[in-house]
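Asker: Before we start, here is the structure in question, set down as structure tokens.
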Amino acid sequence: MLTVLLVCLSSELRPELFSSKSRNQSLDRAMDLGLAEDHFSRPVGSFVASDIEQLKMAIEECKRLILELPEHSERQKDTVVKLIHLRLKLQELNDPEEDEPNLRVLLEHRFSKEKSKSVKQTCDKCSTIIWGLIQTWYTCTGCYYRCHSKCLNLINKSCVRSKVSHQSEYELSICPEIGLDRQDYRCAECRMPVSLRGVPSEARQCDYTGQYYCSTCHWNDTAVIPARVIHNWEFEPRKVCRSSMRYLALMIPRPVLKLREVNPLLFNFVEELVEIRKLRQDILLMKPYFITCKEAMEARLLLQLHDRQHFVENNDMYSLQDLIDISSGRLSCSLTEIHTTFAKHIKLDCDRCQAKGFVCELCKEGDILFPFDSHTSVCHDCSAVFHRDCFYDNSTTCPKCARMTELTLFQFSGLWKMVAGY
């Protein structure tokens, strides 16, 4: 790093123009201009132009001194550090920090003042680096939009989280391009003139919206596109604009995709989806056992799915993260493990849950049956459980349904006799 800095400095300076005497005088002046002070302290009071000029002079003298000293010597290294300190202080004077509030609300953003001084970020407004050591910066707690404090009042983009709250649905057409001419050859977001030739600014297409953006609004970030996943089962990240990237990042855990309606044929070609659907159906059948079981409630078994709460509410809604995890195989492994834990509690560990099992009324043989067993069938009308072979091979109706129908007729006839006798 030191070598690189020295090369850069040599390109800036021409040391042959300075005599040895003037160089010694320069060194004395540089030390007098504050090289030994604490350059990380905050400036107190107001500074006049002469203070900035003195710092610039000290910086120039340090640069000359670095080129004169023996390479890789301790004095040269110390002088490089002092040069860095002087430059930081000069930047601080050119962009002084005022007493900024810790929280700012703007265009539905909730900006929180950042405390970190060591993390280097990029301002989403001006696209320049945020130097946390000497600059104040804010992050939106909703969409994670970052910017300098001086750029706050220049922001014209609303918080993406508000869009997620009011419009929780994806664009399900693959890259719905309308063309630059329909955009009047302007950025779809900031309306800056753009063109495919890069003059005055390069037009970059967002694969999610299909529209074109300038280089300030489109940083070539990549994201998985929901439409490509649902229609093509394709998970390759594509280039998207900044606003689309934030929107997709906030939407990725939300269960808003109903695959049976959007693309029901997907289950015919993706075996992993069929497996996950069966596991989810079983978990929904296990849920009534847990909400009526004291031991299960104390063990908080259902909280094992706290990050996928929709799995205990329905079996047809998916989030984009679910589909990504299904493709990678992570969801199948974790959900199978949870399914095994749930089944073990009901069938082996808990006497109360075991007592809620069923006996096949058609063959009256075998072990206790549960609706989530793989070899059982469930009556859709009364939820009675039978052996799969017994229920499908039997030509009569469900015995429990027949009893309930007979009981209903008996009660109705008794009521009719009472009314007729009256």
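Labels used: A, B, ... for chains in the order of the structure tokens, numbers from 1 for residues in each chain, and numbers from 1 for ligands as shown.
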Give me, as an NGL selection string, all polymer residues having an atom no more than 8 Å from range 239-244 of chain A, counting only C-alpha atoms and skipping those fewer than 4 positions away in the same chain.
Answerer: :A and (160 or 205-209 or 213 or 217-223 or 248)
Asker: Dump N, CA and C atoms for the selected residues as a PDB file, in the first residue's frame?
Answerer:
ATOM      1  N   VAL A 160     -39.316   2.282  -0.110  1.00  0.00           N
ATOM      2  CA  VAL A 160     -39.850   1.105  -0.792  1.00  0.00           C
ATOM      3  C   VAL A 160     -40.746   0.295   0.135  1.00  0.00           C
ATOM      4  N   GLN A 205     -31.031  -1.688 -18.281  1.00  0.00           N
ATOM      5  CA  GLN A 205     -32.359  -2.284 -18.154  1.00  0.00           C
ATOM      6  C   GLN A 205     -32.477  -3.071 -16.849  1.00  0.00           C
ATOM      7  N   CYS A 206     -33.609  -2.921 -16.191  1.00  0.00           N
ATOM      8  CA  CYS A 206     -33.936  -3.698 -14.999  1.00  0.00           C
ATOM      9  C   CYS A 206     -34.727  -4.925 -15.436  1.00  0.00           C
ATOM     10  N   ASP A 207     -34.248  -6.107 -15.101  1.00  0.00           N
ATOM     11  CA  ASP A 207     -34.895  -7.336 -15.561  1.00  0.00           C
ATOM     12  C   ASP A 207     -36.225  -7.568 -14.855  1.00  0.00           C
ATOM     13  N   TYR A 208     -36.454  -6.897 -13.728  1.00  0.00           N
ATOM     14  CA  TYR A 208     -37.719  -7.085 -13.004  1.00  0.00           C
ATOM     15  C   TYR A 208     -38.826  -6.211 -13.592  1.00  0.00           C
ATOM     16  N   THR A 209     -38.555  -4.923 -13.774  1.00  0.00           N
ATOM     17  CA  THR A 209     -39.580  -4.012 -14.293  1.00  0.00           C
ATOM     18  C   THR A 209     -39.574  -3.947 -15.819  1.00  0.00           C
ATOM     19  N   TYR A 213     -32.938   2.551 -16.840  1.00  0.00           N
ATOM     20  CA  TYR A 213     -32.561   3.492 -15.792  1.00  0.00           C
ATOM     21  C   TYR A 213     -31.165   4.034 -16.073  1.00  0.00           C
ATOM     22  N   CYS A 217     -29.378   5.358 -10.796  1.00  0.00           N
ATOM     23  CA  CYS A 217     -30.507   4.580 -10.270  1.00  0.00           C
ATOM     24  C   CYS A 217     -30.333   3.082 -10.489  1.00  0.00           C
ATOM     25  N   HIS A 218     -29.357   2.687 -11.269  1.00  0.00           N
ATOM     26  CA  HIS A 218     -29.134   1.264 -11.584  1.00  0.00           C
ATOM     27  C   HIS A 218     -27.643   0.983 -11.438  1.00  0.00           C
ATOM     28  N   TRP A 219     -27.281   0.239 -10.396  1.00  0.00           N
ATOM     29  CA  TRP A 219     -25.871  -0.034 -10.105  1.00  0.00           C
ATOM     30  C   TRP A 219     -25.460  -1.442 -10.549  1.00  0.00           C
ATOM     31  N   ASN A 220     -26.239  -2.062 -11.396  1.00  0.00           N
ATOM     32  CA  ASN A 220     -25.971  -3.434 -11.845  1.00  0.00           C
ATOM     33  C   ASN A 220     -26.026  -4.444 -10.705  1.00  0.00           C
ATOM     34  N   ASP A 221     -26.865  -4.152  -9.691  1.00  0.00           N
ATOM     35  CA  ASP A 221     -27.121  -5.149  -8.656  1.00  0.00           C
ATOM     36  C   ASP A 221     -27.892  -6.319  -9.267  1.00  0.00           C
ATOM     37  N   THR A 222     -27.810  -7.467  -8.640  1.00  0.00           N
ATOM     38  CA  THR A 222     -28.497  -8.643  -9.165  1.00  0.00           C
ATOM     39  C   THR A 222     -29.458  -9.209  -8.127  1.00  0.00           C
ATOM     40  N   ALA A 223     -30.517  -9.856  -8.611  1.00  0.00           N
ATOM     41  CA  ALA A 223     -31.517 -10.470  -7.731  1.00  0.00           C
ATOM     42  C   ALA A 223     -32.234 -11.573  -8.495  1.00  0.00           C
ATOM     43  N   LEU A 248     -37.500  -6.255  -3.878  1.00  0.00           N
ATOM     44  CA  LEU A 248     -37.409  -7.716  -3.884  1.00  0.00           C
ATOM     45  C   LEU A 248     -36.820  -8.224  -2.576  1.00  0.00           C
TER      46      LEU A 248
END
Asker: Would you please extract all strand (DSSP E) residues from range 204-341 of chain A, as assigned by DSSP on the backbone, and give them as a ChimeraX atom specification?
Answerer: /A:204-205,212-213,221-223,238-240,257-258,317-318
Asker: I need the residue nearest Ile252 in chain A from this list: A:Ser319, A:Thr79, A:Gln135, A:Ser327. Use only C-alpha atoms for the distance.
Answerer: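 Between A:Ser319, A:Thr79, A:Gln135, A:Ser327, the residue approaching Ile252 in chain A most closely is A:Ser319.
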Asker: Check which residues of range 326-360 of chain A sit at most 8 Å from range 258-281 of chain A using only C-alpha atoms, and return one row each with the closest pair of atoms and their distance in Å to one decimal, ordered by chain and rising number, as a tab-separated table.
Answerer:
residue	atom	partner	partner_atom	distance
A:Ile326	CA	A:Glu272	CA	6.6
A:Ser327	CA	A:Glu272	CA	7.6
A:Ser332	CA	A:Ile276	CA	6.6
A:Leu335	CA	A:Leu279	CA	7.3
A:Thr336	CA	A:Leu279	CA	7.2
A:His339	CA	A:Leu279	CA	7.0
